[in-house]
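> Next up is a structure, given as structure tokens.
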Amino acid sequence: MNATPETAAIETRGLSKTYDGKVEALRGIDLTVRQGEMFALLGPNGAGKTTLFSILATLRKPTGGEARVLGLDVLKQRPAVRQRMGIVFQEPALAQTMTVRDNLLLMALFYGLSMSEARTRVREILETLQIKDIEDREAQKLSGGQKRKLELARSLVSNPDILFLDEATLGLDVDARRNFWAQVRMFIRSGRSVFFTTHYMEEAEVADRIALIDKGQIIALGTPQELKARIGGGVILLGTRDDAKAVAWLNAQGYKPEQSERGIVVVHAQPAAVLPLILAEMPVKTLRAEVHEPSLEDVFLTLTGRGLGSGDAPKPAASAMGGAR
Amino acid sequence: MRGLFAVIILDMKRLWGDRIRLVSSLIQPLLYLFMLGSGLGASSTLGSNHYLPYIFPGVVALSLLFTSVFAAILIVFDRQMGFLKAVLVAPVPRPAIAIGKVISGAIQALVPGTLMMVFMPLIGLRPSLPEFLCFLGAAGLAAIAFSALGVAVAARFKSMTVFPIISNAMLLPMFFLSGALYPLDVAPRWLQLLAHADPVAYAVDLMRGSLFGKTFFPVWLSFVVLAGFITLTTWLATRIFTTGEDA
């Protein structure tokens with residue numbers, strides 16, 4: 001079955017996955033990713049991101065519901081789905097003792113190319129991704145950024161219609177991440193789709209749409225702007241000498257504060273107007289006070305009462321990503 | 001079959017990069033042949049001169065068994081290092097992955113196994129060309145059977161530490177039961193009965209029969225058992241590869 005422009009890049013209906021009959025990793029996921037879309041799945045550890053990713057990547061079977069990639073059933077048409085997708089995993093998936101060129105050649109053979117076709121395709125990829133200078137180097141001797149580039153090259157060998165990226169830039173420095181995403185943007189310019197999971201806010205914000213996932217369910221879905229608009233107004237971020245006492249006081253005043261790694265977060269329709277009042281009346285010494293636009297972290301915090309716990313502090317989108325799409 | 005060739009190329013490239021492993025895999029069978037064989041041969045009713053040629057097929061089987069099963073550790077390694085995932089998301093039919101792994105394991109085992117044959121004249125074994133070719137054929141069949149066993153076991157394992165322990169616990173009884181170091185026809189009845197359930201025994205018997213003309217099991221039975229064993233274990237491995245990360 002060929003995907004028409006109307007066919008969704010990804011479509012799931014009531015998708016569920018239970019491990020050992022007990023642990024519900026996914027609980028009825030309904031999701032539609034359009035063709036040509038860059039779609040981010042954002043959520044904390046254990047939210048179900050990797051399980052959903054593994055099902056779409058044909059590595060796991062769902063226990064309920066259905067999932068289609070480019071109109072192809074991920075259970076009944078696995079080989080066809082595999083032929084049309086490229087994947088970059090969170091962990092390295094390289095033959096470490098083989099050279100960059102051999103890793104790519106081998107993968108091209110796995111995708112059914114003849115040896116001469118494989119050689120041509122590998123030469124193209126090496127040039128496109130500008131890694132020709134390291135083609136003779138063993139994978140195990142590459143830097144973190146080079147390894148990720150090779151992973152991306154590996155996923156593109158088959159000339160896929162959809163690219164899956166699972167925390168693909170985890171552990172990379174800002175420069176390497178910027179470089180990685182620049183290459184991904186080259187891929188989507190040709191009208192193909194990207195589905196990615198990430199912990200990094202600034203990465204998620206370049207997506208056309210984002211799904212927030214928590215405890216195996218999609219809790220919000222929309223463009224970054226739509227998601228931020230859901231919580232309205234702005235965000236006050238406070239650091240105090242006694243956060244517990246400050247939170248109790250804010251609660252008593254009806255502000256509904258949340259505690260996160262960044263400090264106390266208060267979402268309010270008019271943050272600039274209420275901040276002076278808070279600072280004047282709060283019975284705890286304030287060490288730091290900021291007012292800013294809501295971030296995706298704030299959206300998640302407001303919806304779940306918990307932070308995403310990404311580890312790395314978010315960097316400004318423009319600097320980390322080389323500019324939004 | 002698509003991907004079969006790629007699986008074999010992958011392992012052959014790695015084998016070439018790990019030539020020390022190849023050479024070192026000769027040490028164990030040579031110790032069995034010359035040290036254990038000479039020691040046991042002195043007290044055997046066959047005598048040293050006849051005992052070493054007698055156990056030679058068994059020692060080659062030992063080399064094939066351990067090398068091919070341990071070649072399958074690359075599957076566990078690839079799973080642990082994440083590379084197996086990249087293979088499993090490629091549109092390669094699962095039987096091609098399993099069969100490719102079986103063939104590459106057999107090739108890896110046949111390299112030291114064939115090198116062992118250099119020692120034949122040293123122990124007084126001078127087979128005719130047809131005998132030698134039959135021996136090679138039997139060794140090839142044995143290598144495929146043992147490799148298929150290794151692949152079926154390794155496909156399920158996720159730990160590089162546990163796999164060798166379990167493999168050793170499984171392989172040593174199979175080897176000792178096989179009649180590799182003693183004639184099965186004079187072994188106690190219970191040992192003979194257990195040997196009927198041991199595929200290594202059929203492989204050793206077929207290899208020994210090709211050199212000496214006398215077998216414990218009917219030749220057709222050895223072929224049927226080994227072919228059945230290869231089919232069953234390859235099917236098991238295919239099933240596990242099909243299950244993917246749910247395995």
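Ordering of the structure tokens sets the chain letters (A, B, ...); residue numbers start at 1 within each chain; ligands are numbered from 1 in the order shown.
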May I have the residues of chain B within 9 Å of chain A, counting only C-alpha atoms, written as number ranges by chain?
B: 2-7, 9-10, 13-14, 17, 78, 81-93, 242-247
> Keeping N, CA and C atoms for every residue in the selection just given, could you write it to a file as a short mmCIF file (atom, residue, chain, number, x, y, z; two decimals), in the first residue's frame?

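Output contents, as saved in part_3.cif:
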```
data_model
loop_
_atom_site.label_atom_id
_atom_site.label_comp_id
_atom_site.auth_asym_id
_atom_site.auth_seq_id
_atom_site.Cartn_x
_atom_site.Cartn_y
_atom_site.Cartn_z
N ARG B 2 17.17 -12.01 1.14
CA ARG B 2 17.69 -10.69 1.43
C ARG B 2 18.27 -10.61 2.86
N GLY B 3 19.43 -10.08 2.97
CA GLY B 3 20.04 -9.88 4.29
C GLY B 3 20.94 -11.01 4.72
N LEU B 4 20.72 -12.20 4.18
CA LEU B 4 21.51 -13.38 4.57
C LEU B 4 23.00 -13.11 4.33
N PHE B 5 23.27 -12.61 3.13
CA PHE B 5 24.63 -12.31 2.72
C PHE B 5 25.24 -11.25 3.66
N ALA B 6 24.43 -10.23 4.00
CA ALA B 6 24.92 -9.15 4.87
C ALA B 6 25.27 -9.66 6.26
N VAL B 7 24.44 -10.57 6.78
CA VAL B 7 24.71 -11.13 8.12
C VAL B 7 26.04 -11.88 8.10
N ILE B 9 28.56 -11.50 5.91
CA ILE B 9 29.66 -10.55 5.70
C ILE B 9 30.04 -9.87 7.02
N LEU B 10 29.01 -9.46 7.75
CA LEU B 10 29.25 -8.78 9.04
C LEU B 10 30.14 -9.63 9.94
N LYS B 13 33.77 -10.24 8.55
CA LYS B 13 34.64 -9.07 8.72
C LYS B 13 35.15 -9.03 10.16
N ARG B 14 34.25 -9.34 11.09
CA ARG B 14 34.67 -9.31 12.49
C ARG B 14 35.61 -10.46 12.81
N GLY B 17 38.98 -9.55 11.80
CA GLY B 17 39.57 -8.58 12.73
C GLY B 17 39.95 -9.19 14.06
N ASP B 78 26.00 -8.08 20.27
CA ASP B 78 25.28 -7.10 19.45
C ASP B 78 24.00 -6.62 20.13
N MET B 81 25.23 -4.24 22.85
CA MET B 81 25.78 -2.99 22.31
C MET B 81 24.76 -2.22 21.48
N GLY B 82 23.58 -2.79 21.30
CA GLY B 82 22.53 -2.07 20.58
C GLY B 82 22.48 -2.33 19.09
N PHE B 83 23.54 -2.97 18.54
CA PHE B 83 23.59 -3.14 17.09
C PHE B 83 22.50 -4.08 16.56
N LEU B 84 22.13 -5.05 17.40
CA LEU B 84 21.10 -6.00 16.96
C LEU B 84 19.79 -5.28 16.63
N LYS B 85 19.52 -4.20 17.39
CA LYS B 85 18.31 -3.41 17.13
C LYS B 85 18.31 -2.86 15.71
N ALA B 86 19.49 -2.36 15.30
CA ALA B 86 19.59 -1.79 13.96
C ALA B 86 19.32 -2.85 12.91
N VAL B 87 19.73 -4.09 13.20
CA VAL B 87 19.48 -5.19 12.26
C VAL B 87 17.99 -5.56 12.28
N LEU B 88 17.43 -5.58 13.49
CA LEU B 88 16.03 -6.01 13.61
C LEU B 88 15.02 -5.01 13.03
N VAL B 89 15.41 -3.74 12.94
CA VAL B 89 14.47 -2.78 12.33
C VAL B 89 14.68 -2.68 10.81
N ALA B 90 15.65 -3.41 10.30
CA ALA B 90 15.84 -3.45 8.84
C ALA B 90 14.87 -4.49 8.27
N PRO B 91 14.49 -4.31 6.99
CA PRO B 91 13.49 -5.23 6.42
C PRO B 91 14.10 -6.58 6.01
N VAL B 92 14.81 -7.17 6.94
CA VAL B 92 15.44 -8.46 6.67
C VAL B 92 14.53 -9.56 7.22
N PRO B 93 14.17 -10.56 6.42
CA PRO B 93 13.34 -11.64 6.96
C PRO B 93 14.06 -12.30 8.15
N THR B 242 11.91 -12.85 15.70
CA THR B 242 10.63 -12.27 15.29
C THR B 242 9.97 -11.52 16.45
N THR B 243 10.17 -12.04 17.65
CA THR B 243 9.55 -11.41 18.82
C THR B 243 10.15 -10.04 19.11
N GLY B 244 11.37 -9.80 18.66
CA GLY B 244 12.01 -8.49 18.84
C GLY B 244 12.29 -8.21 20.30
N GLU B 245 11.96 -6.98 20.75
CA GLU B 245 12.30 -6.57 22.12
C GLU B 245 11.36 -7.19 23.15
N ASP B 246 10.27 -7.80 22.68
CA ASP B 246 9.37 -8.45 23.63
C ASP B 246 9.93 -9.78 24.10
N ALA B 247 11.04 -10.23 23.47
CA ALA B 247 11.61 -11.54 23.83
C ALA B 247 12.14 -11.53 25.25
#
```
> Pick from A:Val69, A:Leu75, A:Leu56, A:Val235: nearest to Leu301 in chain A, with only C-alpha atoms counted?
A:Val235
> What is the CA of Gly28 in chain A to CA of Pro224 in chain A distance in Å?
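It comes out at 23.1 Å.
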> Here is a test: counting only C-alpha atoms, which residue of B:Val102, B:Val118, B:Leu193, B:Leu211 is nearest to Phe70 in chain B?
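That would be B:Val102, the residue with the smallest distance to Phe70 in chain B.
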> For Ala109 in chain B, list every protein, DNA or RNA residue within 10 Å, evaluated using only C-alpha atoms, and leave out those in the same chain fewer than 2 positions away; present the list as a list in words.
Leu22, Ser25, Val60, Ala61, Ser63, Leu64, Leu65, Phe66, Thr67, Ser68, Val69, Phe70, Ala71, Ile103, Ser104, Gly105, Ala106, Ile107, Val111, Pro112, Gly113, Thr114, Ala139, Gly140, Ala142, Ala143, Ile144, Phe146 and Ser147 of chain B
> Would you mind listing what lies within 12 Å of Leu31 in chain B as an MDAnalysis selection string, with only C-alpha atoms counted and same-chain residues fewer than 4 positions away left out?
chainID B and resid 24:27 35:39 52 56 59:60 62:63 116
> Could those selected residues go to a file with N, CA and C atoms, as a JSON list (two decimals), in the first residue's frame?

```json
[["chain", "number", "residue", "atom", "x", "y", "z"],
["B", 24, "SER", "N", 43.71, -19.09, 18.95],
["B", 24, "SER", "CA", 43.61, -19.59, 20.33],
["B", 24, "SER", "C", 42.55, -20.68, 20.45],
["B", 25, "SER", "N", 41.59, -20.70, 19.53],
["B", 25, "SER", "CA", 40.56, -21.74, 19.62],
["B", 25, "SER", "C", 41.12, -23.12, 19.27],
["B", 26, "LEU", "N", 42.34, -23.15, 18.76],
["B", 26, "LEU", "CA", 42.99, -24.45, 18.46],
["B", 26, "LEU", "C", 43.60, -25.09, 19.71],
["B", 27, "ILE", "N", 43.86, -24.24, 20.72],
["B", 27, "ILE", "CA", 44.62, -24.73, 21.88],
["B", 27, "ILE", "C", 43.88, -25.86, 22.60],
["B", 35, "MET", "N", 47.60, -34.24, 24.90],
["B", 35, "MET", "CA", 47.90, -34.47, 26.32],
["B", 35, "MET", "C", 46.93, -35.49, 26.92],
["B", 36, "LEU", "N", 45.63, -35.14, 26.86],
["B", 36, "LEU", "CA", 44.65, -36.07, 27.44],
["B", 36, "LEU", "C", 44.65, -37.39, 26.66],
["B", 37, "GLY", "N", 44.71, -37.25, 25.33],
["B", 37, "GLY", "CA", 44.68, -38.44, 24.47],
["B", 37, "GLY", "C", 45.86, -39.37, 24.76],
["B", 38, "SER", "N", 47.05, -38.80, 24.87],
["B", 38, "SER", "CA", 48.23, -39.63, 25.14],
["B", 38, "SER", "C", 48.13, -40.29, 26.50],
["B", 39, "GLY", "N", 47.68, -39.51, 27.49],
["B", 39, "GLY", "CA", 47.54, -40.03, 28.86],
["B", 39, "GLY", "C", 46.53, -41.15, 28.93],
["B", 52, "LEU", "N", 44.71, -42.28, 19.79],
["B", 52, "LEU", "CA", 44.72, -40.91, 19.25],
["B", 52, "LEU", "C", 43.93, -40.82, 17.94],
["B", 56, "PHE", "N", 40.36, -38.65, 17.42],
["B", 56, "PHE", "CA", 40.55, -37.48, 16.56],
["B", 56, "PHE", "C", 39.20, -36.87, 16.09],
["B", 59, "VAL", "N", 37.68, -35.04, 18.91],
["B", 59, "VAL", "CA", 38.35, -33.80, 19.27],
["B", 59, "VAL", "C", 38.02, -32.70, 18.24],
["B", 60, "VAL", "N", 37.91, -33.07, 16.98],
["B", 60, "VAL", "CA", 37.49, -32.08, 15.96],
["B", 60, "VAL", "C", 36.06, -31.63, 16.29],
["B", 62, "LEU", "N", 34.77, -31.51, 19.21],
["B", 62, "LEU", "CA", 34.89, -30.62, 20.37],
["B", 62, "LEU", "C", 35.21, -29.20, 19.90],
["B", 63, "SER", "N", 36.18, -29.11, 18.98],
["B", 63, "SER", "CA", 36.56, -27.80, 18.46],
["B", 63, "SER", "C", 35.37, -27.15, 17.76],
["B", 116, "MET", "N", 42.79, -28.33, 12.22],
["B", 116, "MET", "CA", 43.09, -29.53, 13.03],
["B", 116, "MET", "C", 43.50, -30.71, 12.13]]
```
> Got a sec: who's within 9 Å of range 181-190 of chain A, counting only C-alpha atoms, leaving out chain neighbours fewer than 6 positions off, as a list of chain:residue names?
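Counting only C-alpha atoms, the residues come to A:Gly36, A:Glu37, A:Met38, A:Thr128, A:Leu129, A:Lys149, A:Leu152, A:Leu156, A:Ile162, A:Leu163, A:Thr169, A:Glu203, A:Met321, A:Gly322, A:Arg325.
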> Using only C-alpha atoms for the distances, tell me which of A:Met201, A:Leu172, A:Ala272, A:Ile125 is nearest to Leu296 in chain A.
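Among A:Met201, A:Leu172, A:Ala272, A:Ile125, it is A:Met201 that comes nearest to Leu296 in chain A.
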> Which of range 18-208 of chain A end up as strand (DSSP E or B) when DSSP is run on this backbone - answer as a PyMOL selection string?
chain A and resi 18-19+23-33+38-42+64-69+72-73+85-88+99+138+162-166+193-198
> Contacts of range 250-265 of chain A at 6 Å or less, counting only C-alpha atoms, minus same-chain residues fewer than 5 places along, as a list in words?
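With the cut-off at 6 Å, the set is Ile236, Leu237, Leu238, Gly239 and Gly307 of chain A.
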> Go ahead and save the residues from that selection, with C-alpha atoms, as a PDB file, in the first residue's frame.

```pdb
ATOM      1  CA  ILE A 236       6.633  33.550  38.021  1.00  0.00           C
ATOM      2  CA  LEU A 237       9.704  31.659  39.104  1.00  0.00           C
ATOM      3  CA  LEU A 238      10.764  32.120  42.722  1.00  0.00           C
ATOM      4  CA  GLY A 239      13.751  31.036  44.765  1.00  0.00           C
ATOM      5  CA  GLY A 307       8.486  18.498  36.150  1.00  0.00           C
TER       6      GLY A 307
END
```
> Quick check, in Å to one decimal: how far apart do CA of Ala155 in chain B and CA of Leu232 in chain B lie?
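Result for CA of Ala155 in chain B versus CA of Leu232 in chain B: 13.9 Å, one decimal.
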> What is the CA of Val33 in chain A to CA of Glu293 in chain A distance in Å?
27.0 Å
> Within 10 Å of Phe176 in chain B, counting only C-alpha atoms, which residues show up once you throw out same-chain ones fewer than 3 positions away? Write them as a PDB file with N, CA and C atoms, in the first residue's frame, please.

```pdb
ATOM      1  N   GLY B  58      36.387 -37.040  17.489  1.00  0.00           N
ATOM      2  CA  GLY B  58      35.740 -36.474  18.685  1.00  0.00           C
ATOM      3  C   GLY B  58      36.351 -35.138  19.059  1.00  0.00           C
ATOM      4  N   LEU B  62      34.765 -31.514  19.207  1.00  0.00           N
ATOM      5  CA  LEU B  62      34.894 -30.621  20.374  1.00  0.00           C
ATOM      6  C   LEU B  62      35.207 -29.199  19.901  1.00  0.00           C
ATOM      7  N   LEU B 171      27.224 -27.551  27.205  1.00  0.00           N
ATOM      8  CA  LEU B 171      28.082 -28.206  26.214  1.00  0.00           C
ATOM      9  C   LEU B 171      28.917 -29.348  26.793  1.00  0.00           C
ATOM     10  N   LEU B 172      29.410 -29.163  28.003  1.00  0.00           N
ATOM     11  CA  LEU B 172      30.285 -30.207  28.553  1.00  0.00           C
ATOM     12  C   LEU B 172      29.570 -31.555  28.663  1.00  0.00           C
ATOM     13  N   PRO B 173      28.346 -31.594  29.255  1.00  0.00           N
ATOM     14  CA  PRO B 173      27.648 -32.893  29.271  1.00  0.00           C
ATOM     15  C   PRO B 173      27.393 -33.445  27.868  1.00  0.00           C
ATOM     16  N   GLY B 179      30.531 -39.788  23.236  1.00  0.00           N
ATOM     17  CA  GLY B 179      31.411 -40.872  22.813  1.00  0.00           C
ATOM     18  C   GLY B 179      32.627 -40.347  22.071  1.00  0.00           C
ATOM     19  N   ALA B 180      32.905 -39.062  22.246  1.00  0.00           N
ATOM     20  CA  ALA B 180      34.056 -38.473  21.559  1.00  0.00           C
ATOM     21  C   ALA B 180      35.359 -39.074  22.057  1.00  0.00           C
ATOM     22  N   LEU B 181      35.396 -39.414  23.364  1.00  0.00           N
ATOM     23  CA  LEU B 181      36.659 -39.887  23.956  1.00  0.00           C
ATOM     24  C   LEU B 181      36.656 -41.384  24.256  1.00  0.00           C
ATOM     25  N   TYR B 182      35.523 -42.039  24.008  1.00  0.00           N
ATOM     26  CA  TYR B 182      35.432 -43.479  24.287  1.00  0.00           C
ATOM     27  C   TYR B 182      34.444 -44.114  23.308  1.00  0.00           C
ATOM     28  N   LEU B 191      24.498 -44.888  29.616  1.00  0.00           N
ATOM     29  CA  LEU B 191      25.228 -43.870  28.866  1.00  0.00           C
ATOM     30  C   LEU B 191      24.827 -43.944  27.383  1.00  0.00           C
ATOM     31  N   ALA B 195      23.074 -41.071  25.211  1.00  0.00           N
ATOM     32  CA  ALA B 195      23.737 -40.622  23.983  1.00  0.00           C
ATOM     33  C   ALA B 195      22.744 -40.511  22.820  1.00  0.00           C
ATOM     34  N   ASP B 198      21.576 -37.079  22.415  1.00  0.00           N
ATOM     35  CA  ASP B 198      22.624 -36.067  22.296  1.00  0.00           C
ATOM     36  C   ASP B 198      23.018 -35.872  20.820  1.00  0.00           C
ATOM     37  N   VAL B 200      25.350 -34.258  19.548  1.00  0.00           N
ATOM     38  CA  VAL B 200      26.809 -34.309  19.355  1.00  0.00           C
ATOM     39  C   VAL B 200      27.248 -35.760  19.108  1.00  0.00           C
ATOM     40  N   ALA B 201      26.565 -36.699  19.763  1.00  0.00           N
ATOM     41  CA  ALA B 201      26.917 -38.114  19.595  1.00  0.00           C
ATOM     42  C   ALA B 201      26.733 -38.553  18.138  1.00  0.00           C
TER      43      ALA B 201
END
```
> In range 46-246 of chain A, what's helix (DSSP H, G or I) per DSSP? Answer as a PyMOL selection string?
chain A and resi 49-56+78-84+100-110+115-128+132-134+139-141+144-156+174-188+201-204+224-231+243-246
> For a quick check of understanding, using only C-alpha atoms, which of A:Gln270, A:Gln146, A:Thr240, A:Thr302 has the smallest distance to Pro283 in chain A?
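Closest to Pro283 in chain A of all the choices is A:Thr240.
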